[in-house]
$ cat structure18.txt   # compact mmCIF, C-alpha atoms (C1' of nucleotides)
# COMPACT_ATOMS: atom_id res chain seq x y z
CA MET V 866 155.89 99.26 112.36
CA ASP V 867 154.77 98.28 108.83
CA SER V 868 150.98 98.31 108.41
CA THR V 869 151.19 95.42 105.92
CA GLU V 870 152.62 93.19 108.64
CA SER V 871 149.77 92.26 110.96
CA ALA V 872 150.25 90.13 114.06
CA ALA V 873 148.42 87.29 112.32
CA SER V 874 150.69 87.21 109.26
CA PRO V 875 152.68 84.04 108.58
CA ARG V 876 155.88 86.05 108.86
CA ALA V 877 155.01 87.25 112.37
CA ARG V 878 154.18 83.74 113.51
CA ARG V 879 157.36 82.38 111.99
CA SER V 880 159.52 84.99 113.73
CA SER V 881 158.00 84.10 117.09
CA LEU V 882 159.29 80.57 116.51
CA VAL V 883 162.77 81.81 115.70
CA ALA V 884 162.83 83.99 118.81
CA PRO V 885 160.87 82.14 121.51
CA ALA V 886 159.32 84.08 124.38
CA PRO V 887 161.59 84.62 127.36
CA LEU V 888 161.16 82.29 130.31
CA PRO V 889 158.34 83.58 132.56
CA ALA V 890 158.88 84.66 136.17
CA ASP V 891 157.21 81.46 137.38
CA PHE V 892 160.07 79.45 135.92
CA TYR V 893 162.37 81.00 138.52
CA ARG V 894 159.84 80.84 141.35
CA ARG V 895 161.03 77.38 142.43
CA PRO V 896 163.87 75.94 144.54
CA SER V 897 167.26 77.07 143.33
CA ASP V 898 168.60 73.59 142.56
CA THR V 899 165.60 72.82 140.36
CA VAL V 900 166.04 76.04 138.43
CA ALA V 901 169.79 75.43 138.10
CA ARG V 902 169.17 72.03 136.51
CA GLU V 903 166.45 73.26 134.21
CA LEU V 904 168.45 76.23 132.99
CA LEU V 905 170.80 73.81 131.23
CA GLY V 906 170.04 74.12 127.53
CA ALA V 907 168.32 77.50 127.90
CA ARG V 908 169.60 80.40 125.87
CA ILE V 909 170.98 83.58 127.40
CA VAL V 910 170.81 86.52 125.02
CA SER V 911 172.50 89.91 125.35
CA GLU V 912 172.14 93.02 123.24
CA LEU V 913 174.43 95.03 125.48
CA GLY V 914 176.83 97.01 123.37
CA GLY V 915 174.41 97.04 120.44
CA VAL V 916 175.04 93.62 118.90
CA ARG V 917 173.15 90.48 119.79
CA VAL V 918 175.18 87.65 121.29
CA ALA V 919 173.80 84.43 122.71
CA GLY V 920 174.86 81.16 124.29
CA GLU V 921 173.27 77.90 125.35
CA ILE V 922 173.79 77.37 129.07
CA VAL V 923 175.83 74.26 129.89
CA GLU V 924 176.91 74.80 133.52
CA THR V 925 175.22 76.33 136.58
CA GLU V 926 175.49 76.43 140.36
CA ALA V 927 172.66 76.75 142.88
CA TYR V 928 172.87 78.91 146.02
CA VAL V 929 169.90 77.64 147.87
CA GLY V 930 169.11 79.87 150.84
CA PRO V 931 170.25 81.33 154.18
CA HIS V 932 171.20 77.85 155.42
CA ASP V 933 173.72 77.61 152.55
CA ALA V 934 176.99 78.70 154.16
CA ALA V 935 178.61 79.24 150.75
CA SER V 936 175.98 81.77 149.70
CA HIS V 937 176.53 85.52 149.71
CA ALA V 938 173.21 85.58 151.56
CA ALA V 939 174.17 82.99 154.19
CA GLU V 940 172.52 83.63 157.53
CA ARG V 941 175.69 84.97 159.17
CA PHE V 942 175.79 87.90 156.73
CA GLY V 943 172.17 88.93 156.97
CA ARG V 944 170.78 91.25 154.34
CA THR V 945 173.49 93.59 153.06
CA ASN V 946 173.94 96.06 150.28
CA ARG V 947 175.71 93.49 148.15
CA ASN V 948 173.37 90.52 148.57
CA ASP V 949 170.15 92.54 148.52
CA PRO V 950 169.33 91.60 144.91
CA MET V 951 169.16 87.95 146.00
CA PHE V 952 166.14 88.89 148.12
CA GLY V 953 164.46 90.42 145.08
CA VAL V 954 161.97 89.26 142.48
CA PRO V 955 162.64 85.82 140.96
CA GLY V 956 163.79 86.18 137.37
CA THR V 957 165.92 89.26 137.99
CA VAL V 958 169.70 89.27 137.76
CA TYR V 959 172.24 89.52 140.58
CA VAL V 960 175.65 90.69 139.35
CA TYR V 961 178.68 90.95 141.59
CA LEU V 962 182.41 91.58 141.28
CA ILE V 963 184.80 88.84 142.34
CA TYR V 964 188.55 89.15 142.98
CA GLY V 965 188.36 92.80 142.07
CA MET V 966 188.10 92.16 138.33
CA HIS V 967 185.53 89.61 137.18
CA TRP V 968 181.77 90.10 137.01
CA CYS V 969 179.56 87.10 137.72
CA VAL V 970 175.98 86.68 136.52
CA ASN V 971 173.32 85.07 138.72
CA VAL V 972 169.61 84.53 138.28
CA VAL V 973 167.46 85.23 141.33
CA THR V 974 165.26 82.24 142.23
CA ASP V 975 162.76 80.84 144.70
CA ALA V 976 160.50 83.36 146.47
CA GLU V 977 160.75 87.10 146.89
CA GLU V 978 162.30 88.01 150.27
CA TYR V 979 163.96 84.58 150.32
CA PRO V 980 167.61 84.90 149.20
CA ALA V 981 168.52 82.33 146.57
CA ALA V 982 170.14 82.40 143.15
CA VAL V 983 171.75 80.42 140.35
CA LEU V 984 175.24 81.30 139.11
CA LEU V 985 175.65 80.94 135.36
CA ARG V 986 179.06 79.32 134.92
CA ALA V 987 179.38 78.45 131.24
CA ALA V 988 177.60 78.45 127.90
CA MET V 989 178.11 77.30 124.34
CA PRO V 990 178.37 80.32 122.00
CA VAL V 991 175.58 80.28 119.41
CA GLU V 992 175.22 83.83 118.12
CA GLY V 993 177.45 86.89 117.79
CA LEU V 994 180.69 84.92 117.81
CA GLU V 995 182.64 87.72 116.13
CA VAL V 996 181.85 90.25 118.86
CA MET V 997 182.57 87.73 121.56
CA ARG V 998 185.95 86.94 120.01
CA GLU V 999 186.80 90.65 120.24
CA ARG V 1000 185.63 90.84 123.85
CA ARG V 1001 187.64 87.73 124.66
CA MET V 1002 190.72 88.72 122.71
CA GLY V 1003 191.30 85.87 120.33
CA ARG V 1004 190.48 82.99 122.63
CA PRO V 1005 189.41 79.75 120.95
CA ASP V 1006 185.64 79.59 120.41
CA ARG V 1007 185.10 76.88 122.99
CA GLU V 1008 186.50 79.20 125.67
CA LEU V 1009 184.46 82.31 124.83
CA MET V 1010 181.84 81.64 127.53
CA ARG V 1011 183.67 79.10 129.68
CA GLY V 1012 183.78 80.14 133.36
CA PRO V 1013 181.55 82.70 135.12
CA GLY V 1014 183.88 85.67 134.63
CA ASN V 1015 184.39 84.85 130.97
CA LEU V 1016 180.66 84.36 130.41
CA ALA V 1017 179.92 87.83 131.80
CA ARG V 1018 182.67 89.32 129.68
CA ALA V 1019 181.36 87.70 126.49
CA LEU V 1020 177.86 88.99 127.25
CA ALA V 1021 179.18 92.46 128.25
CA VAL V 1022 177.34 92.25 131.58
CA THR V 1023 178.63 94.44 134.42
CA GLY V 1024 177.40 95.72 137.77
CA GLU V 1025 175.31 98.33 135.96
CA HIS V 1026 172.88 95.57 135.06
CA ASN V 1027 172.27 94.38 138.59
CA ARG V 1028 168.53 93.74 139.21
CA HIS V 1029 167.60 93.82 135.53
CA VAL V 1030 164.52 91.68 134.74
CA LEU V 1031 165.58 88.80 132.51
CA ASP V 1032 162.51 88.80 130.29
CA ARG V 1033 163.34 91.74 128.03
CA PRO V 1034 166.17 93.43 126.16
CA PRO V 1035 168.95 94.08 126.57
CA LEU V 1036 169.41 90.84 128.53
CA TRP V 1037 167.09 87.87 128.70
CA ILE V 1038 166.85 84.08 128.89
CA ALA V 1039 164.71 82.02 126.52
CA PRO V 1040 164.02 78.31 126.22
CA GLY V 1041 166.59 76.50 124.10
CA ARG V 1042 167.27 72.86 123.59
CA GLU V 1043 165.74 70.21 125.81
CA VAL V 1044 168.45 68.60 127.95
CA ALA V 1045 167.53 65.10 129.11
CA ILE V 1046 168.11 64.24 132.75
CA GLU V 1047 170.58 61.53 131.67
CA GLU V 1048 172.80 64.22 130.17
CA VAL V 1049 173.03 66.17 133.42
CA ASN V 1050 175.85 65.65 135.89
CA ALA V 1051 175.96 67.10 139.41
CA GLY V 1052 178.88 67.68 141.76
CA PRO V 1053 180.37 70.03 144.32
CA ARG V 1054 180.49 73.74 143.57
CA ILE V 1055 183.75 75.39 142.50
CA GLY V 1056 185.89 77.86 144.39
CA ILE V 1057 184.04 77.76 147.70
CA THR V 1058 185.21 76.74 151.17
CA GLN V 1059 181.82 76.23 152.88
CA ALA V 1060 179.29 73.45 152.20
CA VAL V 1061 181.79 71.95 149.77
CA ASP V 1062 180.07 68.56 149.74
CA TRP V 1063 176.71 69.77 148.54
CA PRO V 1064 176.30 68.66 144.90
CA LEU V 1065 174.83 71.91 143.64
CA ARG V 1066 176.82 72.35 140.46
CA PHE V 1067 175.09 71.08 137.34
CA TRP V 1068 176.57 70.62 133.89
CA VAL V 1069 175.94 68.91 130.56
CA ALA V 1070 177.97 65.70 130.66
CA GLY V 1071 180.93 65.71 128.31
CA ASP V 1072 180.28 69.17 126.91
CA PRO V 1073 183.55 70.89 125.94
CA HIS V 1074 182.19 74.33 126.89
CA VAL V 1075 181.95 73.40 130.60
CA SER V 1076 184.62 75.00 132.80
CA LYS V 1077 185.56 71.82 134.66
CA SER V 1078 183.99 68.47 133.86
CA VAL V 1079 184.61 66.88 137.26
C1' DC N 553 197.80 68.50 129.53
C1' DT N 554 199.08 70.27 134.65
C1' DT N 555 200.53 73.45 138.51
C1' DG N 556 201.44 77.87 140.83
C1' DA N 557 201.53 82.74 141.50
C1' DG N 558 199.93 87.40 140.82
C1' DA N 559 196.38 90.73 139.61
C1' DT N 560 192.75 93.59 141.71
C1' DG N 561 188.79 95.93 144.56
C1' DT N 562 184.91 94.92 147.59
C1' DT N 563 183.25 92.94 151.68
C1' DT N 564 183.35 91.44 156.42
C1' DA X 60 191.88 88.45 155.36
C1' DA X 61 189.07 86.34 152.35
C1' DC X 62 186.87 86.15 148.07
C1' DA X 63 181.10 81.79 143.81
C1' DT X 64 188.24 83.90 139.12
C1' DC X 65 191.37 84.28 135.23
C1' DT X 66 195.71 84.47 132.79
C1' DC X 67 200.29 83.50 131.95
C1' DA X 68 204.51 81.03 132.30
C1' DA X 69 206.89 76.94 133.22
C1' DG X 70 207.08 71.87 133.50
C1' DA X 71 205.76 67.16 132.19

$ encode --input "structure18.txt" --output "structure tokens"
Amino acid sequence: MDSTESAASPRARRSSLVAPAPLPADFYRRPSDTVARELLGARIVSELGGVRVAGEIVETEAYVGPHDAASHAAERFGRTNRNDPMFGVPGTVYVYLIYGMHWCVNVVTDAEEYPAAVLLRAAMPVEGLEVMRERRMGRPDRELMRGPGNLARALAVTGEHNRHVLDRPPLWIAPGREVAIEEVNAGPRIGITQAVDWPLRFWVAGDPHVSKSV
DNA sequence: CTTGAGATGTTT
DNA sequence: AACATCTCAAGA
């Protein structure tokens, strides 16, 4: 580090504005549906693969606890090897493979030892678009991070990153834009067959980066 | 724009 | 046998 650049220098203060501090663990230490709603507008940042990419979250789903039959940690499954990260520390990541080929990124929520999480379903690309276009093979920009499998692909997240703490490189979430409650829509979760009527999917109304707007 | 089928590996 | 999905091709 350069000795001419003290922590109190204007440059240091300015850079802390450009790169806000990651969300603290207490942010995640709340009911899953609350966290899912409040993650809209937050920024997920990845330096996996050596280049920084980032997106503003526009769509999430809450998996709220053992009584949630659609959850990987629903009561009938108990605690297993796969869902164990959901019992972990709030603010860590739970990554799993779906349909044998797509990784999905979840944020662990609520209390430790209580299995709950938020699936990140879509984001608006804001940084590192060139790398994401390569990872997504020439897709239009609005589709780079649209859908949970695509989002993971754009961020280069895989099962290796399971349980990573989301407050530090190479993968973290920081505050982004403030999303007013009037901008938020809620509806049934996608691709599940249990608890289909629970409105636990949240998205930014009208945003073209959302996977499905209904 | 929509619909439908196939890919693919882990979990129960 | 099901699965918290995606892509491509074909049709409207």

$ closest_residue --input "structure18.txt" --among "V:Ile1055, V:Met966, V:Ala939, V:Ala988" --to "Ile922 (chain V)" --atoms "all atoms listed in the file"
V:Ala988

$ closest_residue --input "structure18.txt" --among "V:Ala982, V:Val996, V:Ile1038, V:Cys969" --to "Arg908 (chain V)" --atoms "only C-alpha atoms"
V:Ile1038

$ interface_residues --input "structure18.txt" --of "chain V" --to "chain N" --cutoff "8 Å" --atoms "all atoms listed in the file" --output "mmCIF file with C-alpha atoms, in the frame of the given file"
data_model
loop_
_atom_site.group_PDB
_atom_site.id
_atom_site.type_symbol
_atom_site.label_atom_id
_atom_site.label_comp_id
_atom_site.auth_asym_id
_atom_site.auth_seq_id
_atom_site.Cartn_x
_atom_site.Cartn_y
_atom_site.Cartn_z
ATOM 1 C CA LEU V 962 182.410 91.580 141.280
ATOM 2 C CA TYR V 964 188.550 89.150 142.980
ATOM 3 C CA GLY V 965 188.360 92.800 142.070
ATOM 4 C CA MET V 966 188.100 92.160 138.330
#

$ closest_residue --input "structure18.txt" --among "V:Phe952, V:Tyr928, V:Tyr959, V:Tyr979" --to "chain X" --atoms "only C-alpha atoms (C1' of nucleotides)"
V:Tyr928

$ interface_residues --input "structure18.txt" --of "chain X" --to "chain V" --cutoff "7 Å" --atoms "only C-alpha atoms (C1' of nucleotides)" --output "list in words"
DC62, DA63 and DT64 of chain X

$ write_last_selection --input "structure18.txt" --atoms "C-alpha atoms (C1' of nucleotides)" --output "PDB file, in the coordinates of the input"
ATOM      1  C1'  DC X  62     186.870  86.150 148.070  1.00  0.00           C
ATOM      2  C1'  DA X  63     181.100  81.790 143.810  1.00  0.00           C
ATOM      3  C1'  DT X  64     188.240  83.900 139.120  1.00  0.00           C
TER       4       DT X  64
END

$ atom_distance --input "structure18.txt" --atom1 "C1' of DA69 (chain X)" --atom2 "CA of Ser1076 (chain V)"
22.4 Å

$ atom_distance --input "structure18.txt" --atom1 "CA of Trp1063 (chain V)" --atom2 "CA of Pro980 (chain V)"
17.7 Å

$ decode --input "structure18.txt" --residues "chain N" --atoms "C-alpha atoms (C1' of nucleotides)" --output "short mmCIF file (atom, residue, chain, number, x, y, z; two decimals), in the first residue's frame"
data_model
loop_
_atom_site.label_atom_id
_atom_site.label_comp_id
_atom_site.auth_asym_id
_atom_site.auth_seq_id
_atom_site.Cartn_x
_atom_site.Cartn_y
_atom_site.Cartn_z
"C1'" DC N 553 -44.20 -13.61 -29.30
"C1'" DT N 554 -45.55 -18.81 -27.81
"C1'" DT N 555 -45.16 -23.94 -27.03
"C1'" DG N 556 -42.83 -28.41 -26.47
"C1'" DA N 557 -39.12 -31.60 -26.01
"C1'" DG N 558 -34.50 -32.97 -24.75
"C1'" DA N 559 -30.27 -32.39 -22.11
"C1'" DT N 560 -28.06 -33.88 -17.80
"C1'" DG N 561 -26.56 -35.48 -12.85
"C1'" DT N 562 -27.98 -35.42 -8.03
"C1'" DT N 563 -31.27 -36.54 -4.66
"C1'" DT N 564 -34.89 -39.15 -2.48
#
